[in-house]
Each structure stands twice: as C-alpha cells, then as structure tokens.
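Shown next: target12.cif, given as mmCIF, C-alpha atoms.
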data_final
loop_
_atom_site.label_atom_id
_atom_site.label_comp_id
_atom_site.auth_asym_id
_atom_site.auth_seq_id
_atom_site.Cartn_x
_atom_site.Cartn_y
_atom_site.Cartn_z
CA MET A 1 12.34 0.09 27.69
CA LYS A 2 15.27 -1.08 25.57
CA ILE A 3 14.09 -1.87 22.06
CA ALA A 4 15.89 -3.44 19.09
CA TYR A 5 14.30 -3.41 15.65
CA PHE A 6 15.84 -5.54 12.89
CA THR A 7 15.00 -3.89 9.56
CA HIS A 8 16.10 -4.26 5.97
CA SER A 9 17.16 -0.61 6.07
CA LEU A 10 16.32 2.43 8.12
CA ALA A 11 18.52 4.78 6.12
CA SER A 12 17.14 3.93 2.67
CA CYS A 13 13.59 4.23 1.38
CA TRP A 14 14.58 3.26 -2.18
CA ASN A 15 11.80 0.78 -3.08
CA HIS A 16 11.45 0.15 0.65
CA GLY A 17 8.18 1.47 2.02
CA ASN A 18 8.62 -0.02 5.48
CA ALA A 19 11.32 2.56 6.15
CA HIS A 20 8.65 5.29 6.10
CA PHE A 21 6.63 3.79 8.94
CA LEU A 22 9.63 2.56 10.87
CA ARG A 23 11.20 6.01 11.00
CA GLY A 24 8.03 7.47 12.47
CA ILE A 25 7.63 4.67 15.01
CA LEU A 26 11.23 4.83 16.23
CA ARG A 27 11.09 8.61 16.42
CA GLU A 28 7.94 8.40 18.56
CA LEU A 29 9.47 5.78 20.86
CA ILE A 30 12.58 7.90 21.32
CA ALA A 31 10.44 10.96 22.10
CA ARG A 32 8.79 8.94 24.88
CA GLY A 33 12.13 8.11 26.44
CA HIS A 34 12.69 4.57 25.17
CA ASP A 35 16.19 3.35 24.32
CA VAL A 36 15.89 2.40 20.65
CA ARG A 37 18.33 0.63 18.34
CA ALA A 38 17.78 -0.08 14.65
CA LEU A 39 19.87 -2.86 13.09
CA GLU A 40 20.26 -3.49 9.37
CA PRO A 41 22.37 -5.93 7.35
CA LYS A 42 25.47 -4.78 5.53
CA GLY A 43 24.88 -4.56 1.78
CA ALA A 44 21.07 -4.18 1.99
CA TRP A 45 19.74 -4.00 -1.58
CA SER A 46 17.70 -0.85 -0.93
CA LEU A 47 20.65 1.13 0.37
CA THR A 48 22.96 -0.31 -2.29
CA ASN A 49 20.64 0.88 -5.07
CA LEU A 50 20.14 4.29 -3.49
CA LEU A 51 23.88 4.89 -3.21
CA ALA A 52 24.50 3.60 -6.73
CA ASP A 53 21.93 6.02 -8.16
CA HIS A 54 22.47 9.07 -5.95
CA GLY A 55 25.57 8.63 -3.79
CA GLU A 56 25.76 9.86 -0.21
CA GLN A 57 23.73 12.91 -1.17
CA GLY A 58 20.76 10.59 -1.56
CA LEU A 59 20.72 10.20 2.24
CA ALA A 60 20.78 13.94 2.96
CA ALA A 61 17.00 14.43 3.16
CA TYR A 62 16.60 11.51 5.56
CA ARG A 63 19.41 12.70 7.80
CA GLN A 64 18.05 16.24 7.89
CA ALA A 65 14.47 15.16 8.64
CA TYR A 66 15.39 12.53 11.25
CA PRO A 67 18.45 13.76 13.15
CA GLU A 68 17.60 11.57 16.14
CA LEU A 69 17.70 8.34 14.11
CA SER A 70 20.63 6.12 13.26
CA SER A 71 21.19 2.45 12.58
CA GLU A 72 23.80 -0.19 13.31
CA THR A 73 25.01 -2.27 10.37
CA PHE A 74 25.91 -5.91 10.94
CA ALA A 75 27.78 -8.34 8.73
CA PRO A 76 26.57 -11.79 7.63
CA GLY A 77 27.25 -14.33 10.34
CA ALA A 78 27.17 -11.78 13.16
CA ASP A 79 26.37 -13.25 16.57
CA PRO A 80 22.61 -12.73 17.09
CA ALA A 81 23.04 -12.71 20.88
CA LYS A 82 25.42 -9.76 20.63
CA LEU A 83 23.10 -8.01 18.19
CA VAL A 84 20.13 -8.38 20.53
CA GLY A 85 22.22 -7.40 23.53
CA ASP A 86 20.14 -6.43 26.55
CA ALA A 87 17.02 -5.46 24.60
CA GLU A 88 13.71 -6.01 26.36
CA LEU A 89 11.67 -5.85 23.15
CA VAL A 90 12.93 -7.20 19.82
CA ILE A 91 11.00 -6.76 16.56
CA VAL A 92 12.18 -8.48 13.38
CA HIS A 93 10.87 -7.36 9.99
CA GLU A 94 10.09 -9.98 7.38
CA TRP A 95 12.69 -8.60 4.91
CA ASN A 96 15.50 -10.20 6.91
CA ASP A 97 17.59 -13.27 6.20
CA PRO A 98 15.72 -16.45 7.20
CA LYS A 99 18.77 -17.68 9.14
CA LEU A 100 18.85 -14.50 11.20
CA ILE A 101 15.11 -14.68 11.83
CA ALA A 102 15.47 -18.27 13.05
CA ALA A 103 18.56 -17.52 15.17
CA ILE A 104 16.86 -14.70 17.04
CA GLY A 105 13.85 -16.96 17.63
CA ALA A 106 16.18 -19.64 18.99
CA LEU A 107 17.55 -17.16 21.53
CA ARG A 108 14.05 -16.50 22.78
CA ALA A 109 13.19 -20.22 22.86
CA GLN A 110 16.33 -20.95 24.89
CA GLY A 111 15.09 -18.78 27.72
CA GLN A 112 16.07 -15.22 26.88
CA ARG A 113 13.50 -12.96 28.52
CA PHE A 114 12.97 -10.33 25.85
CA THR A 115 9.63 -10.07 24.06
CA LEU A 116 10.04 -11.11 20.42
CA LEU A 117 7.69 -10.06 17.60
CA PHE A 118 7.74 -10.73 13.85
CA HIS A 119 6.60 -7.78 11.71
CA ASP A 120 4.99 -8.49 8.32
CA THR A 121 4.26 -5.53 6.01
CA HIS A 122 4.07 -7.24 2.63
CA HIS A 123 1.85 -9.46 0.50
CA ARG A 124 4.28 -12.39 0.32
CA ALA A 125 2.15 -14.41 2.75
CA VAL A 126 -0.34 -14.78 -0.11
CA SER A 127 1.80 -14.09 -3.21
CA ASP A 128 4.65 -16.37 -2.11
CA PRO A 129 3.41 -18.17 1.00
CA GLN A 130 6.18 -20.76 1.01
CA ALA A 131 8.76 -18.02 1.42
CA ILE A 132 7.07 -16.85 4.62
CA ARG A 133 6.17 -20.30 5.91
CA ALA A 134 9.79 -21.33 5.50
CA PHE A 135 10.70 -18.91 8.30
CA ASP A 136 11.21 -20.61 11.65
CA LEU A 137 9.06 -18.44 13.90
CA SER A 138 8.59 -21.06 16.59
CA GLY A 139 10.45 -18.96 19.15
CA TYR A 140 8.44 -15.80 18.54
CA ASP A 141 5.90 -14.46 20.99
CA GLY A 142 3.68 -13.08 18.26
CA VAL A 143 3.20 -11.49 14.86
CA LEU A 144 2.45 -7.90 13.92
CA ALA A 145 0.58 -7.90 10.59
CA PHE A 146 -0.20 -4.67 8.76
CA GLY A 147 -3.80 -5.54 7.95
CA GLU A 148 -6.62 -7.72 9.25
CA ALA A 149 -6.67 -9.79 6.05
CA LEU A 150 -3.00 -10.60 6.61
CA SER A 151 -3.67 -11.37 10.27
CA ASP A 152 -6.28 -13.89 9.11
CA VAL A 153 -3.59 -15.65 7.07
CA TYR A 154 -1.45 -16.08 10.20
CA ARG A 155 -4.46 -17.25 12.20
CA ARG A 156 -5.05 -19.96 9.62
CA TRP A 157 -1.42 -20.92 10.09
CA GLY A 158 -2.05 -21.49 13.79
CA TRP A 159 -1.08 -18.20 15.43
CA GLY A 160 -4.54 -17.66 16.91
CA LYS A 161 -4.55 -14.80 19.41
CA ARG A 162 -0.82 -14.28 19.03
CA VAL A 163 -1.20 -12.17 15.88
CA TRP A 164 -2.14 -8.51 16.06
CA THR A 165 -3.23 -6.19 13.27
CA TRP A 166 -0.83 -3.25 13.36
CA HIS A 167 -1.53 -0.88 10.51
CA GLU A 168 1.00 1.54 9.15
CA ALA A 169 0.41 5.23 9.89
CA ALA A 170 1.68 8.74 9.26
CA ASP A 171 4.54 10.41 11.05
CA ILE A 172 2.77 13.74 11.53
CA ARG A 173 5.93 15.43 12.76
CA LEU A 174 7.02 15.32 9.11
CA PHE A 175 3.85 14.65 7.14
CA ARG A 176 1.66 17.68 7.69
CA PRO A 177 0.08 20.45 5.61
CA PRO A 178 2.42 23.25 4.56
CA GLU A 179 2.74 26.10 7.02
CA ARG A 180 2.06 28.50 4.18
CA GLU A 181 -0.01 27.57 1.17
CA GLY A 182 1.73 28.22 -2.12
CA GLN A 183 0.59 27.79 -5.68
CA ARG A 184 -0.71 24.30 -6.49
CA SER A 185 -1.23 22.81 -9.94
CA GLY A 186 -1.77 19.44 -11.55
CA LEU A 187 -1.59 15.96 -10.09
CA VAL A 188 1.19 14.01 -8.44
CA TRP A 189 1.74 10.30 -7.95
CA ILE A 190 4.57 8.95 -5.82
CA GLY A 191 5.05 5.24 -6.27
CA ASN A 192 7.21 2.55 -7.80
CA TRP A 193 6.44 0.71 -11.01
CA GLY A 194 7.37 -2.56 -9.36
CA ASP A 195 6.86 -5.87 -11.10
CA GLY A 196 4.02 -4.95 -13.42
CA GLU A 197 1.36 -6.01 -10.91
CA ARG A 198 -0.71 -2.86 -11.50
CA THR A 199 0.32 -1.80 -15.01
CA HIS A 200 -3.24 -1.93 -16.35
CA GLU A 201 -4.61 -0.16 -13.29
CA LEU A 202 -2.10 2.70 -13.55
CA GLU A 203 -3.07 3.25 -17.17
CA GLU A 204 -6.80 3.16 -16.46
CA PHE A 205 -6.92 5.09 -13.21
CA LEU A 206 -4.00 7.49 -13.42
CA PHE A 207 -2.27 8.13 -16.74
CA ARG A 208 -5.28 8.16 -19.07
CA PRO A 209 -7.72 10.08 -16.79
CA ALA A 210 -5.15 12.75 -15.98
CA ASP A 211 -4.32 13.16 -19.66
CA ARG A 212 -7.95 13.34 -20.73
CA ALA A 213 -8.78 15.78 -17.94
CA GLY A 214 -5.96 18.01 -19.17
CA LEU A 215 -4.15 17.94 -15.85
CA PRO A 216 -0.35 17.90 -15.73
CA LEU A 217 0.88 14.76 -13.98
CA ASP A 218 4.17 14.45 -12.10
CA ILE A 219 5.47 10.94 -11.35
CA TYR A 220 8.11 10.01 -8.76
CA GLY A 221 9.46 6.52 -8.12
CA VAL A 222 11.89 3.81 -9.15
CA ARG A 223 12.00 0.61 -11.20
CA TYR A 224 10.35 2.15 -14.25
CA PRO A 225 11.42 0.04 -17.26
CA ARG A 226 11.63 1.43 -20.76
CA GLU A 227 8.07 0.39 -21.63
CA ALA A 228 6.80 2.26 -18.56
CA LEU A 229 8.62 5.42 -19.62
CA VAL A 230 7.12 5.08 -23.09
CA THR A 231 3.66 4.86 -21.50
CA LEU A 232 4.30 7.97 -19.42
CA ALA A 233 5.46 9.89 -22.46
CA ARG A 234 2.40 8.82 -24.43
CA HIS A 235 0.18 10.32 -21.74
CA ARG A 236 2.35 13.43 -21.34
CA ALA A 237 3.23 12.58 -17.74
CA ARG A 238 6.49 13.99 -16.37
CA TYR A 239 8.77 11.42 -14.79
CA HIS A 240 11.18 12.73 -12.14
CA GLY A 241 12.76 9.51 -10.90
CA TRP A 242 13.32 8.71 -7.26
CA ALA A 243 12.58 11.21 -4.52
CA PRO A 244 13.51 10.62 -0.88
CA ASN A 245 10.39 10.06 1.17
CA ALA A 246 11.44 12.84 3.52
CA ARG A 247 10.79 15.23 0.61
CA ALA A 248 7.28 13.93 -0.08
CA PRO A 249 5.47 16.64 1.94
CA GLU A 250 7.02 19.45 -0.10
CA ILE A 251 6.26 17.61 -3.34
CA LEU A 252 2.63 17.02 -2.38
CA ALA A 253 2.26 20.67 -1.34
CA LYS A 254 2.82 21.78 -4.96
CA HIS A 255 -0.11 19.81 -6.39
CA LEU A 256 -3.91 19.97 -6.40
CA ALA A 257 -4.51 16.28 -5.74
CA THR A 258 -3.04 12.79 -5.75
CA VAL A 259 -4.31 9.32 -6.66
CA HIS A 260 -4.22 5.96 -4.86
CA VAL A 261 -3.76 2.94 -7.14
CA PRO A 262 -3.46 -0.15 -4.92
CA ARG A 263 -1.33 -3.08 -5.94
CA ARG A 264 -3.44 -5.96 -7.16
CA TYR A 265 -2.99 -8.09 -4.05
CA TYR A 266 -4.34 -5.27 -1.86
CA SER A 267 -7.41 -4.81 -4.01
CA THR A 268 -8.21 -8.53 -4.22
CA ILE A 269 -7.03 -11.16 -1.73
CA LEU A 270 -5.69 -8.79 0.93
CA PRO A 271 -8.45 -6.17 1.03
CA GLY A 272 -8.44 -3.35 3.54
CA ILE A 273 -4.69 -2.64 3.47
CA PRO A 274 -3.85 0.80 2.10
CA THR A 275 -0.31 1.67 1.22
CA ILE A 276 1.44 4.03 3.60
CA ARG A 277 1.25 6.65 0.85
CA VAL A 278 -2.47 7.04 1.65
CA PHE A 279 -1.76 7.84 5.30
CA GLU A 280 1.03 10.22 4.34
CA ALA A 281 -0.96 12.03 1.65
CA LEU A 282 -3.98 12.61 3.86
CA ALA A 283 -1.70 13.76 6.68
CA CYS A 284 -0.31 16.39 4.29
CA GLY A 285 -3.78 17.74 3.53
CA ILE A 286 -3.89 16.92 -0.17
CA PRO A 287 -7.13 15.67 -1.77
CA LEU A 288 -6.95 12.03 -2.81
CA VAL A 289 -8.92 9.97 -5.32
CA SER A 290 -8.71 6.19 -5.11
CA ALA A 291 -9.03 3.45 -7.68
CA PRO A 292 -11.22 0.53 -6.51
CA TRP A 293 -10.17 -0.45 -3.02
CA ASP A 294 -12.26 -2.07 -0.30
CA ASP A 295 -11.75 -0.28 3.00
CA ALA A 296 -12.80 -3.47 4.74
CA GLU A 297 -11.64 -2.30 8.17
CA HIS A 298 -13.28 1.14 7.96
CA LEU A 299 -10.01 2.97 8.43
CA PHE A 300 -11.32 6.02 6.58
CA ARG A 301 -14.59 7.60 5.48
CA PRO A 302 -14.91 6.96 1.73
CA GLY A 303 -16.50 9.90 -0.03
CA THR A 304 -15.58 12.16 2.87
CA ASP A 305 -11.86 11.64 3.47
CA TYR A 306 -11.21 10.76 -0.19
CA LEU A 307 -13.13 10.13 -3.39
CA ARG A 308 -13.57 6.70 -4.98
CA ALA A 309 -13.64 5.90 -8.68
CA ALA A 310 -15.16 2.68 -9.94
CA ASP A 311 -13.54 2.97 -13.37
CA GLY A 312 -11.38 5.23 -15.46
CA LYS A 313 -14.28 7.36 -16.65
CA GLU A 314 -15.36 8.12 -13.08
CA MET A 315 -11.75 8.89 -12.18
CA GLU A 316 -11.61 11.40 -15.03
CA ARG A 317 -14.85 13.02 -13.80
CA HIS A 318 -13.53 13.27 -10.25
CA LEU A 319 -10.29 14.86 -11.45
CA ARG A 320 -12.12 17.42 -13.59
CA VAL A 321 -14.38 18.38 -10.69
CA LEU A 322 -11.49 18.64 -8.25
CA ALA A 323 -9.52 20.83 -10.61
CA GLY A 324 -12.33 23.38 -10.72
CA ASP A 325 -13.75 23.19 -7.19
CA ALA A 326 -11.50 24.72 -4.56
CA ALA A 327 -14.14 24.28 -1.87
CA LEU A 328 -14.33 20.53 -2.49
CA ARG A 329 -10.55 20.25 -2.41
CA ALA A 330 -10.45 22.10 0.91
CA GLU A 331 -13.19 19.92 2.44
CA LEU A 332 -11.52 16.67 1.38
CA ALA A 333 -8.19 17.88 2.73
CA ARG A 334 -9.76 18.88 6.04
CA SER A 335 -11.64 15.59 6.46
CA GLY A 336 -8.72 13.38 5.53
CA LEU A 337 -6.42 15.22 7.90
CA GLU A 338 -9.00 14.96 10.67
CA THR A 339 -9.16 11.17 10.35
CA ILE A 340 -5.39 10.79 10.30
CA ARG A 341 -4.93 12.87 13.42
CA ALA A 342 -7.75 11.10 15.22
CA ARG A 343 -6.77 7.50 14.37
CA HIS A 344 -3.70 6.96 12.22
CA THR A 345 -0.56 8.60 13.55
CA CYS A 346 2.63 6.87 14.61
CA ALA A 347 1.74 7.90 18.16
CA HIS A 348 -1.44 5.81 17.89
CA ARG A 349 0.58 2.83 16.67
CA VAL A 350 3.12 3.16 19.48
CA ASP A 351 0.23 3.13 21.96
CA GLU A 352 -1.01 -0.09 20.35
CA LEU A 353 2.45 -1.65 20.38
CA LEU A 354 3.01 -0.91 24.06
CA LEU A 355 -0.35 -2.43 24.94
CA ILE A 356 0.58 -5.61 23.03
CA VAL A 357 3.93 -5.84 24.82
CA ALA A 358 2.28 -5.25 28.21
CA ALA A 359 -0.23 -8.03 27.54
CA LEU A 360 2.52 -10.46 26.55
CA THR A 361 4.55 -9.54 29.62
CA ARG A 362 1.57 -10.14 31.92
CA ALA A 363 0.89 -13.50 30.30
CA ARG A 364 4.51 -14.53 30.71
CA LEU A 365 4.51 -13.57 34.40
CA GLU A 366 1.26 -15.46 34.97
CA ASP A 367 2.69 -18.56 33.30
CA ALA A 368 5.75 -18.35 35.52
CA ALA A 369 3.73 -17.97 38.72
#

Here is a file; write its structure as structure tokens.
Amino acid sequence: MKIAYFTHSLASCWNHGNAHFLRGILRELIARGHDVRALEPKGAWSLTNLLADHGEQGLAAYRQAYPELSSETFAPGADPAKLVGDAELVIVHEWNDPKLIAAIGALRAQGQRFTLLFHDTHHRAVSDPQAIRAFDLSGYDGVLAFGEALSDVYRRWGWGKRVWTWHEAADIRLFRPPEREGQRSGLVWIGNWGDGERTHELEEFLFRPADRAGLPLDIYGVRYPREALVTLARHRARYHGWAPNARAPEILAKHLATVHVPRRYYSTILPGIPTIRVFEALACGIPLVSAPWDDAEHLFRPGTDYLRAADGKEMERHLRVLAGDAALRAELARSGLETIRARHTCAHRVDELLLIVAALTRARLEDAA
C-alpha cells in the first residue's frame, strides 16, 4: 500500500514527542513492504530549534538509528494534490497548518479514493478545544486518537464510530534492554519542562524525593527556563540539556530507575494516556515509578510493571527501596518488558492501523455497491 503521512517533523524530536512514535510506525510499515512517504513543512519549529541549538550534528543519532527513514519537505502553498500524489492511505497529524489540513480533506471530499485519517496525539482538544474544532475535518474518513478519553471528546463532537483509539507504543527495534548490562547508578528523567503545567508535580514527585533519598538525578530535555535550572540546582540534579531520542536507550541503561510524571491534563481530564516515555522506558527494561496516574484503560499492571506513588513521601520510599533491592528492580524490569512486548509495540499498532483501513475500505465498497 502507498502511504503518505503529513507530520510536523520526522527528522526532529526537539520538543516533538510524536516523532518518536512516528519513526517506529513508519519503520514497521516499510519492513512489511509498504511504500511510505513522510512529508513535513519547511521551517518546522522543532527542526529549526534543533538546528539552532545543535546544528546538523543534532540529526546524526536519528540518521544512524533510522537509515531507512527520510522525509520530503514542502513549502507553504504547495499543491496538496501533488503532495498526496497516488497515496492510498493519507494520515495527517494535528500539528499541521489548518489550511493544509482542510485542503487535503477537500481532495478526499471531491472524490479522491484514498483513505484519509486525522491523527491527534495532544491535549489541545481539551486545553484549547477551539483550535482543534477550527480544523475543517469534514472530508476525513476518521480520527486516530491516542487515548480513549480523547476519543470520547471526538465522539461528543459527532464522530461516533469513526474515531479509533490508537495508543502510542515502543519501537522495540531501538528501545530494548542493553545487550550487556553495565554499571547502573542513580535516577534519570527524560522530559521537557514545557509550559509550567507540571512544575509542582516535578518538585514533589521527582526532584525532592530523589534528593532526600540521596540518589543522583540526571535530567535531559529542553525549554528549561532559568527558574527551572535554579530548582534543579537546589535539589542537586544534573541538567544535561537536550538528548536525541535515538540515544534514550543508552541513557536509560546507565541508571537504576526512572520516574513518570504525567502532565496535568493526562492526570485529570484525559486520564489513561501515558506519555510515550513510559512505553519506551519499559521497553528498555528499566524500573519505573509513577506519580499519580489513572491507568483507566488497563494498559499496564500497576504494582507489577511499575510502582505507583500517591505522594512525594511514598515516592521517596519507593526510590529508597529500589536503590537497595536488586531483585525488585529485576522483577519490575522483566514485568514491564513483558507487557510491552505482548501489547504495546509499533508492530501491534501497525496491525491495528491496517485493520482500521481495511474496515473503512470495505465500508466504502459496500456504499458504492
């Protein structure tokens, strides 16, 4: 099948988590023999920031880890018909220009026979609903939403059975335990500071417990303002700046454990949606402790695949126990990896995607009969 995916950026993961999942999905589709094209706008803010901070060398880890992937860059005002070409399946991510999203939908509405899906992997449907509702999706066959709570939002907007929950997942070709175990020490957290939507939670569930437990803490990410760096220094955390996601497995392999601190929207009004970092960490076989998060869809086995902390004091207790109990660390790593491999790989998600496309194709043929 010929597939075109319109992304914000495939090449850059600078403050762009969707690139993680997309790389794994496209790689899996290519491995199955599909003809895949990724298209991204010229001047994408993620790539612009990456190059400004790190130059072309910032893309080296991605290129080395994903030699089979590449993307086509298009300029503003490019002809959407030419961009789509002869694709049989077109997926458009929500971080695209509204005019482009509408223009591709218009092609489908005018009789083009490709299957067209809108892919939503963000909280804007609840944090800024007008921004999403302003998109003209009338020509789209359906919506892929990265959590059931988000799917419910689209159902309330009238999409009914034309929205599918399509969770993110781990690319286990890259995210896997190290072939040889080396020395591990301290904690690691890979994540962006963002817009201050979890400042209190990071202090309570990560910085303070790690400091009080006497565990070194390494932090990787971007958009850390001066006040954030002051906070890190106060808790003796070591800030390393941005790291390409392709390097995350080697970073995780150097540490005893990691912590999941969900953004506020995913712990309140969009429950059940983990960040992709959870899938990736468990796939790498590192023990994980989570701040309060409702696994409403039963994606994992709380207490078995990872530990949960109700407050900062419990987080500190968990971290102290993990630091001194190698058997517990090994059991958590084994269980988390087992669940990922059984349910949450990019291969699983490609299977789901192909079933969705097949169902839409059958329905279209039946309507035409």

Run the PyMOL selection byres ((chain A and resi 268-276) around 7) mentally over the shown coordinates, then write out the matched residues as a VMD selection string, using the chain letters and numbers from the document.
chain A and resid 147 149 to 150 168 to 169 264 to 267 277 to 280 294 to 297

For stretch 85-97 of chain A: contacts at 7 Å, all atoms listed in the file, fewer than 2 positions along chain excluded, given as a count of residues only
21

Counting all atoms listed in the file, the option among A:Ala38, A:Leu47, A:Ala281, A:Ala213 closest to A:Arg334:
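Of A:Ala38, A:Leu47, A:Ala281, A:Ala213, the one nearest A:Arg334, counting all atoms listed in the file, is A:Ala281.
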
So which residues get picked by the PyMOL selection byres ((chain A and resi 330) around 12) here, written as a PyMOL selection string?
chain A and resi 177+181+256-257+282+285-288+304-306+322-329+331-337

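Take atom CA of A:Ala228 and atom CA of A:Asp53: the distance between them is 18.7 Å.
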
Considering all atoms listed in the file, can you say which of A:Leu137, A:Val261, A:Leu354, A:Leu174 comes closest to A:Gly191?
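Result for the nearest residue to A:Gly191: A:Val261.
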
Please write as a PyMOL selection string the full residue list that the PyMOL selection byres ((chain A and resi 199) around 12) yields on this file.
chain A and resi 192-198+200-207+224-225+227-229+231-232+261-264

So the first atom is atom CA of A:Trp159 and the second is atom CA of A:Leu144; what is the distance between them in Å, to one decimal place?
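Atom CA of A:Leu144 lies 11.0 Å from atom CA of A:Trp159.
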
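Closest approach to A:His344 among A:Arg234, A:Lys254, A:His167, A:Lys42 is made by A:His167 (distances from all atoms listed in the file).
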
Give me the residues within 12 Å of A:Thr361 as a ChimeraX atom specification, counting all atoms listed in the file and dropping any in the same chain fewer than 2 places off.
/A:88-89,113-116,141-142,354-359,363-368

Atom CA of A:Asp311 to atom CA of A:Ser290, distance in Å rounded to a single decimal:
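We find that atom CA of A:Asp311 and atom CA of A:Ser290 lie 10.1 Å from each other.
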
So which residues are close to (15.2, 3.1, 1.1), meaning at most 9 Å away in the file's coordinates with only C-alpha atoms counted, and can you show them as a list in words?
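The residues near that point, listed by chain and number, are His8, Ser9, Leu10, Ala11, Ser12, Cys13, Trp14, Asn15, His16, Gly17, Asn18, Ala19, His20, Trp45, Ser46, Leu47, Asn49, Leu50, Pro244 and Asn245 of chain A.
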
Would you mind exporting C-alpha atoms of the selected residues as a PDB file, in the coordinates of the input?
ATOM      1  CA  HIS A   8      16.100  -4.260   5.970  1.00  0.00           C
ATOM      2  CA  SER A   9      17.160  -0.610   6.070  1.00  0.00           C
ATOM      3  CA  LEU A  10      16.320   2.430   8.120  1.00  0.00           C
ATOM      4  CA  ALA A  11      18.520   4.780   6.120  1.00  0.00           C
ATOM      5  CA  SER A  12      17.140   3.930   2.670  1.00  0.00           C
ATOM      6  CA  CYS A  13      13.590   4.230   1.380  1.00  0.00           C
ATOM      7  CA  TRP A  14      14.580   3.260  -2.180  1.00  0.00           C
ATOM      8  CA  ASN A  15      11.800   0.780  -3.080  1.00  0.00           C
ATOM      9  CA  HIS A  16      11.450   0.150   0.650  1.00  0.00           C
ATOM     10  CA  GLY A  17       8.180   1.470   2.020  1.00  0.00           C
ATOM     11  CA  ASN A  18       8.620  -0.020   5.480  1.00  0.00           C
ATOM     12  CA  ALA A  19      11.320   2.560   6.150  1.00  0.00           C
ATOM     13  CA  HIS A  20       8.650   5.290   6.100  1.00  0.00           C
ATOM     14  CA  TRP A  45      19.740  -4.000  -1.580  1.00  0.00           C
ATOM     15  CA  SER A  46      17.700  -0.850  -0.930  1.00  0.00           C
ATOM     16  CA  LEU A  47      20.650   1.130   0.370  1.00  0.00           C
ATOM     17  CA  ASN A  49      20.640   0.880  -5.070  1.00  0.00           C
ATOM     18  CA  LEU A  50      20.140   4.290  -3.490  1.00  0.00           C
ATOM     19  CA  PRO A 244      13.510  10.620  -0.880  1.00  0.00           C
ATOM     20  CA  ASN A 245      10.390  10.060   1.170  1.00  0.00           C
TER      21      ASN A 245
END
